[in-house]
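Trainee: Handing you this structure, nothing more for now.
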Amino acid sequence: MPVAPVDDRGTVLYYEDMGPPPGSTAYTTLVLVHGAGFHGAAQASFRRMIPFAAEHNLRFITPNLRDYPGSTSYTQQELDDLSSPGREQQERALRARALELATFLQWLIQTGDIAPIRSTPEGERDTGGISLLSWSAGNCQTMGLLAYADQLSKEPRNLLGAYLRSYVLYDVIMTCAEPSLASTGGPVPAGLQAIKATREPWMSLDDLNRAFSLSVSAYYPPFTFPQSIDPLPSYPPRLALHEESDHLARGLTPTTSRMTREELRDVVQVEVIDTYGSQNLLRQLNLAIYKANVERALFDRRYTVGDVLEEVWPALGVHVVWCDMSVGDCVWASVLLHHRHAAADPEWRRPMTVHKLAGANHFVHWEEPERFVKMLAGII
């Protein structure tokens with residue numbers, strides 16, 4: 001079972017490497033980080049994308065985050081930090097996850113024969129390097145990689161800087177009990193459908209899995225970005241389309257409703273979204289921590305390194321990929337990122353582009369893998 005060490009205490013992340021495209025030495029490596037509940041083991045969440053990697057000169061690597069199959073479970077101390085009411089303990093927990101991801105990428109570069117970034121003739125895109133894609137709630141941890149980059153020592157920071165080419169926030173979300181988006185640090189307007197991720201007293205784990213999976217994988221009415229978010233707009237209830245009979249004939253049913261029971265078990269680690277599960281604890285962290293991380297990661301790339309103010313990875317491009325028929329928490333996260341980036345200082349914000357996938361739900365990688373891979377190959 002392939003695992004990568006991420007600290008000196010025996011902690012590992014399980015990963016799967018699809019390998020370089022046959023005959024290519026100038027491919028781009030795309031590291032695909034899963035979301036909440038749905039994981040990457042056994043080619044789970046991203047399995048349908050794999051057949052289209054080689055034709056687009058891509059190498060896929062899919063790690064599992066902590067507490068997911070094959071990766072090290074959280075210690076009691078780590079769970080205590082996540083569940084602590086203290087901001088210092090919560091931030092320590094989130095920073096540790098970010099530094100584990102940095103160590104994972106460093107280990108891949110040093111041991112995995114990753115193709116480096118190579119300059120090409122003027123007018124052509126550079127090849128090689130690593131693009132980091134994080135789906136949904138996975139961004140709560142990967143965002144920290146950029147936010148805490150200044151806390152890496154010089155050698156790994158420079159190594160990652162030489163290989164990282166882009167960061168893709170794919171349908172970014174954090175399912176919250178309160179009306180907030182933890183991964184992007186902002187409010188959600190009334191009327192936008194939220195993920196059903198709370199286990200009611202009467203629910204079994206299977207009941208929770210079904211409710212969560214159906215709500216996150218449903219199709220919702222197409223969304224259009226508002227011109228302004230001040231004042232915060234309001235929307236009529238944006239209900240899942242499968243609840244309306246005229247949409248059933250068009251096949252707009254939740255993705256997971258068309259999975260077999262075995263397929264759903266293969267792709268979901270439901271325990272982590274349970275009441276005291278680690279993913280549920282992550283979504284309840286202090287909102288101010290996530291807001292500060294987004295600010296440092298995307299909107300102000302200046303860091304104090306030692307006693308010197310400098311930029312870390314200034315050339316790293318950021319891509320926000322949003323799906324217009326995704327759940328409300330998702331579409332609004334992308335709205336917030338778009339408007340906050342536009343308002344940030346152009347001199348210090350990271351280069352960021354927002355990409356819309358029309359007619360797509362939160363599972364476009366499963367529903368339309370060829371389209372999704374082609375789009376990614378064109379932007380990363």
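Residue numbering restarts at 1 in every chain; chains get A, B, ... in the order shown in the structure tokens, and ligands count up from 1 in that same order.
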Give me the residues within 9 Å of A:Arg157 as a PyMOL selection string, counting only C-alpha atoms and dropping any in the same chain fewer than 5 places off.
Mentor: chain A and resi 102+149-152+162+312-313
Trainee: I'd like a table as CSV: residues in stretch 196-284 of chain A with an atom no more than 12 Å from stretch 135-144 of chain A, each row giving the shortest atom pair and its distance in Å to one decimal, only C-alpha atoms counted, sorted by chain and rising residue number.
Mentor:
```
residue,atom,partner,partner_atom,distance
A:Val216,CA,A:Ser136,CA,10.0
A:Ser217,CA,A:Ser136,CA,11.7
A:Ile273,CA,A:Ala137,CA,11.4
A:Gln279,CA,A:Ala137,CA,8.8
A:Asn280,CA,A:Ala137,CA,10.6
A:Leu281,CA,A:Cys140,CA,11.8
A:Leu282,CA,A:Cys140,CA,8.0
A:Arg283,CA,A:Ala137,CA,8.3
A:Gln284,CA,A:Cys140,CA,11.2
```
Trainee: Would you mind writing down, as JSON, numbers by chain, each residue of stretch 104-261 of chain A that DSSP on the backbone assigns to alpha helix (DSSP H)?
Mentor: {"A": [104, 105, 106, 107, 108, 109, 110, 111, 139, 140, 141, 142, 143, 144, 145, 146, 147, 154, 155, 156, 157, 158, 159, 160, 161, 162, 163, 205, 206, 207, 208, 209, 210, 211, 212, 213, 214, 215, 216, 217, 245, 246, 247, 248, 261]}
Trainee: Excluding A:Glu368 and any residue of its chain fewer than 3 positions from it, enumerate the residues within 12 Å of it, using only C-alpha atoms, and give them as a PyMOL selection string.
Mentor: chain A and resi 46-49+52+255+323+357-365+371-375
Trainee: Suppose we keep N, CA, C and O atoms; can you now write the selection as a PDB file, in the first residue's frame?
Mentor:
```pdb
ATOM      1  N   PHE A  46     -12.248  10.153  -8.006  1.00  0.00           N
ATOM      2  CA  PHE A  46     -11.752  10.658  -9.284  1.00  0.00           C
ATOM      3  C   PHE A  46     -11.540   9.560 -10.330  1.00  0.00           C
ATOM      4  O   PHE A  46     -10.905   9.793 -11.352  1.00  0.00           O
ATOM      5  N   ARG A  47     -12.083   8.376 -10.087  1.00  0.00           N
ATOM      6  CA  ARG A  47     -11.772   7.218 -10.942  1.00  0.00           C
ATOM      7  C   ARG A  47     -12.173   7.429 -12.395  1.00  0.00           C
ATOM      8  O   ARG A  47     -11.509   6.943 -13.308  1.00  0.00           O
ATOM      9  N   ARG A  48     -13.265   8.143 -12.629  1.00  0.00           N
ATOM     10  CA  ARG A  48     -13.747   8.293 -14.005  1.00  0.00           C
ATOM     11  C   ARG A  48     -12.887   9.264 -14.823  1.00  0.00           C
ATOM     12  O   ARG A  48     -13.011   9.311 -16.053  1.00  0.00           O
ATOM     13  N   MET A  49     -12.038  10.048 -14.171  1.00  0.00           N
ATOM     14  CA  MET A  49     -11.163  10.973 -14.884  1.00  0.00           C
ATOM     15  C   MET A  49      -9.930  10.278 -15.456  1.00  0.00           C
ATOM     16  O   MET A  49      -9.314  10.765 -16.407  1.00  0.00           O
ATOM     17  N   PHE A  52      -8.765   9.705 -19.213  1.00  0.00           N
ATOM     18  CA  PHE A  52      -8.551  10.867 -20.071  1.00  0.00           C
ATOM     19  C   PHE A  52      -7.266  11.627 -19.725  1.00  0.00           C
ATOM     20  O   PHE A  52      -6.985  12.670 -20.328  1.00  0.00           O
ATOM     21  N   THR A 255     -26.284  12.694  -8.335  1.00  0.00           N
ATOM     22  CA  THR A 255     -25.284  11.743  -8.812  1.00  0.00           C
ATOM     23  C   THR A 255     -25.282  10.477  -7.978  1.00  0.00           C
ATOM     24  O   THR A 255     -25.265   9.360  -8.507  1.00  0.00           O
ATOM     25  N   CYS A 323     -19.344  25.380 -10.474  1.00  0.00           N
ATOM     26  CA  CYS A 323     -20.364  24.688 -11.251  1.00  0.00           C
ATOM     27  C   CYS A 323     -21.712  25.354 -10.983  1.00  0.00           C
ATOM     28  O   CYS A 323     -22.134  25.453  -9.823  1.00  0.00           O
ATOM     29  N   LEU A 357     -18.403  26.302 -15.049  1.00  0.00           N
ATOM     30  CA  LEU A 357     -18.827  25.102 -15.765  1.00  0.00           C
ATOM     31  C   LEU A 357     -20.355  25.098 -15.801  1.00  0.00           C
ATOM     32  O   LEU A 357     -21.013  24.835 -14.787  1.00  0.00           O
ATOM     33  N   ALA A 358     -20.912  25.432 -16.958  1.00  0.00           N
ATOM     34  CA  ALA A 358     -22.362  25.543 -17.086  1.00  0.00           C
ATOM     35  C   ALA A 358     -23.012  24.164 -17.118  1.00  0.00           C
ATOM     36  O   ALA A 358     -22.471  23.213 -17.690  1.00  0.00           O
ATOM     37  N   GLY A 359     -24.175  24.061 -16.482  1.00  0.00           N
ATOM     38  CA  GLY A 359     -24.920  22.814 -16.483  1.00  0.00           C
ATOM     39  C   GLY A 359     -24.300  21.713 -15.653  1.00  0.00           C
ATOM     40  O   GLY A 359     -24.645  20.543 -15.823  1.00  0.00           O
ATOM     41  N   ALA A 360     -23.387  22.084 -14.760  1.00  0.00           N
ATOM     42  CA  ALA A 360     -22.652  21.085 -13.977  1.00  0.00           C
ATOM     43  C   ALA A 360     -23.043  21.157 -12.507  1.00  0.00           C
ATOM     44  O   ALA A 360     -23.275  22.237 -11.968  1.00  0.00           O
ATOM     45  N   ASN A 361     -23.076  19.998 -11.868  1.00  0.00           N
ATOM     46  CA  ASN A 361     -23.307  19.957 -10.428  1.00  0.00           C
ATOM     47  C   ASN A 361     -21.976  19.769  -9.698  1.00  0.00           C
ATOM     48  O   ASN A 361     -20.902  19.874 -10.293  1.00  0.00           O
ATOM     49  N   HIS A 362     -22.023  19.466  -8.424  1.00  0.00           N
ATOM     50  CA  HIS A 362     -20.830  19.355  -7.593  1.00  0.00           C
ATOM     51  C   HIS A 362     -19.974  18.145  -7.958  1.00  0.00           C
ATOM     52  O   HIS A 362     -18.853  18.005  -7.488  1.00  0.00           O
ATOM     53  N   PHE A 363     -20.508  17.277  -8.805  1.00  0.00           N
ATOM     54  CA  PHE A 363     -19.823  16.034  -9.185  1.00  0.00           C
ATOM     55  C   PHE A 363     -19.532  15.983 -10.680  1.00  0.00           C
ATOM     56  O   PHE A 363     -19.599  14.914 -11.289  1.00  0.00           O
ATOM     57  N   VAL A 364     -19.155  17.086 -11.259  1.00  0.00           N
ATOM     58  CA  VAL A 364     -18.901  17.078 -12.699  1.00  0.00           C
ATOM     59  C   VAL A 364     -17.735  16.148 -13.041  1.00  0.00           C
ATOM     60  O   VAL A 364     -17.679  15.583 -14.137  1.00  0.00           O
ATOM     61  N   HIS A 365     -16.805  15.940 -12.107  1.00  0.00           N
ATOM     62  CA  HIS A 365     -15.689  15.016 -12.350  1.00  0.00           C
ATOM     63  C   HIS A 365     -16.178  13.578 -12.517  1.00  0.00           C
ATOM     64  O   HIS A 365     -15.505  12.755 -13.141  1.00  0.00           O
ATOM     65  N   ARG A 371     -15.021  16.051 -20.174  1.00  0.00           N
ATOM     66  CA  ARG A 371     -15.137  17.512 -20.227  1.00  0.00           C
ATOM     67  C   ARG A 371     -14.305  18.171 -19.144  1.00  0.00           C
ATOM     68  O   ARG A 371     -13.621  19.170 -19.377  1.00  0.00           O
ATOM     69  N   PHE A 372     -14.350  17.601 -17.955  1.00  0.00           N
ATOM     70  CA  PHE A 372     -13.653  18.197 -16.814  1.00  0.00           C
ATOM     71  C   PHE A 372     -12.127  18.129 -16.995  1.00  0.00           C
ATOM     72  O   PHE A 372     -11.421  19.113 -16.774  1.00  0.00           O
ATOM     73  N   VAL A 373     -11.631  16.977 -17.422  1.00  0.00           N
ATOM     74  CA  VAL A 373     -10.196  16.824 -17.619  1.00  0.00           C
ATOM     75  C   VAL A 373      -9.700  17.760 -18.731  1.00  0.00           C
ATOM     76  O   VAL A 373      -8.666  18.407 -18.607  1.00  0.00           O
ATOM     77  N   LYS A 374     -10.463  17.860 -19.795  1.00  0.00           N
ATOM     78  CA  LYS A 374     -10.091  18.749 -20.907  1.00  0.00           C
ATOM     79  C   LYS A 374     -10.016  20.196 -20.420  1.00  0.00           C
ATOM     80  O   LYS A 374      -9.104  20.948 -20.778  1.00  0.00           O
ATOM     81  N   MET A 375     -10.996  20.615 -19.634  1.00  0.00           N
ATOM     82  CA  MET A 375     -10.991  21.975 -19.105  1.00  0.00           C
ATOM     83  C   MET A 375      -9.780  22.219 -18.210  1.00  0.00           C
ATOM     84  O   MET A 375      -9.094  23.236 -18.333  1.00  0.00           O
TER      85      MET A 375
END
```
Trainee: Excluding A:Tyr235 and its own-chain neighbours fewer than 6 positions away, which residues fall within 7 Å of it when counting only C-alpha atoms? Please give them as a PyMOL selection string.
Mentor: chain A and resi 190-192
Trainee: Which one is closest to A:Phe38: A:Asp300, A:Asp8, A:Glu295, A:Asp67? Count only C-alpha atoms.
Mentor: A:Asp67
Trainee: Using only C-alpha atoms for the distances, tell me which of A:Pro20, A:Tyr68, A:Gly37, A:Thr103 is nearest to A:Asp7.
Mentor: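 Answer, going by the shortest atom-to-atom distance: A:Thr103.
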Trainee: Can you list, as a PyMOL selection string, every protein, DNA or RNA residue that comes within 7 Å of stretch 28-32 of chain A when you count only C-alpha atoms, leaving out same-chain residues fewer than 5 positions away?
Mentor: chain A and resi 57-62+127-134
Trainee: Output N, CA and C atoms for every residue in the selection just made, as a compact mmCIF listing (two decimals), in the first residue's frame.
Mentor:
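See selection_4.txt below for the written result:
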```txt
# COMPACT_ATOMS: atom_id res chain seq x y z
N ASN A 57 -1.76 14.78 -21.48
CA ASN A 57 -0.40 14.87 -20.95
C ASN A 57 -0.40 15.17 -19.45
N LEU A 58 -1.26 14.48 -18.71
CA LEU A 58 -1.39 14.69 -17.28
C LEU A 58 -1.06 13.40 -16.52
N ARG A 59 -0.48 13.58 -15.37
CA ARG A 59 -0.22 12.49 -14.42
C ARG A 59 -1.04 12.78 -13.17
N PHE A 60 -1.94 11.88 -12.79
CA PHE A 60 -2.80 12.07 -11.64
C PHE A 60 -2.21 11.38 -10.40
N ILE A 61 -2.21 12.10 -9.28
CA ILE A 61 -1.86 11.53 -7.99
C ILE A 61 -2.97 11.91 -7.02
N THR A 62 -3.52 10.91 -6.32
CA THR A 62 -4.67 11.16 -5.45
C THR A 62 -4.36 10.74 -4.01
N THR A 127 5.72 23.59 -19.51
CA THR A 127 5.26 22.24 -19.22
C THR A 127 5.83 21.79 -17.88
N GLY A 128 5.34 20.64 -17.40
CA GLY A 128 5.87 20.04 -16.18
C GLY A 128 5.34 20.71 -14.92
N GLY A 129 5.93 20.32 -13.81
CA GLY A 129 5.54 20.87 -12.52
C GLY A 129 4.30 20.22 -11.95
N ILE A 130 3.83 20.77 -10.83
CA ILE A 130 2.68 20.24 -10.10
C ILE A 130 1.58 21.28 -10.03
N SER A 131 0.39 20.85 -10.35
CA SER A 131 -0.81 21.65 -10.08
C SER A 131 -1.57 20.95 -8.96
N LEU A 132 -1.95 21.71 -7.96
CA LEU A 132 -2.69 21.16 -6.81
C LEU A 132 -4.15 21.51 -6.97
N LEU A 133 -5.00 20.49 -7.08
CA LEU A 133 -6.45 20.70 -7.16
C LEU A 133 -7.09 20.18 -5.88
N SER A 134 -7.94 21.00 -5.31
CA SER A 134 -8.64 20.60 -4.09
C SER A 134 -10.13 20.77 -4.31
```
Trainee: Write out as a VMD selection string which residues come within 12 Å of A:Val327 when counting only C-alpha atoms, dropping same-chain ones fewer than 5 positions away.
Mentor: chain A and resid 136 171 to 175 188 191 to 196 212 to 223 237 to 241 254 322 332 to 334 360 to 363
Trainee: Select from stretch 14-198 of chain A everything DSSP, run on the backbone, classes as strand (DSSP E), then give the selection as number ranges by chain.
Mentor: A: 14-17, 28-33, 58-63, 130-135, 164-170, 180-181, 186-187
Trainee: One decimal, in Å: what's the spacing between atom CA of A:Gln90 and atom CA of A:Ala297?
Mentor: 18.0 Å
Trainee: Nearest residue to A:Ala342 out of A:Ala292, A:Ala98, A:Phe299, A:Met203, using only C-alpha atoms?
Mentor: A:Phe299
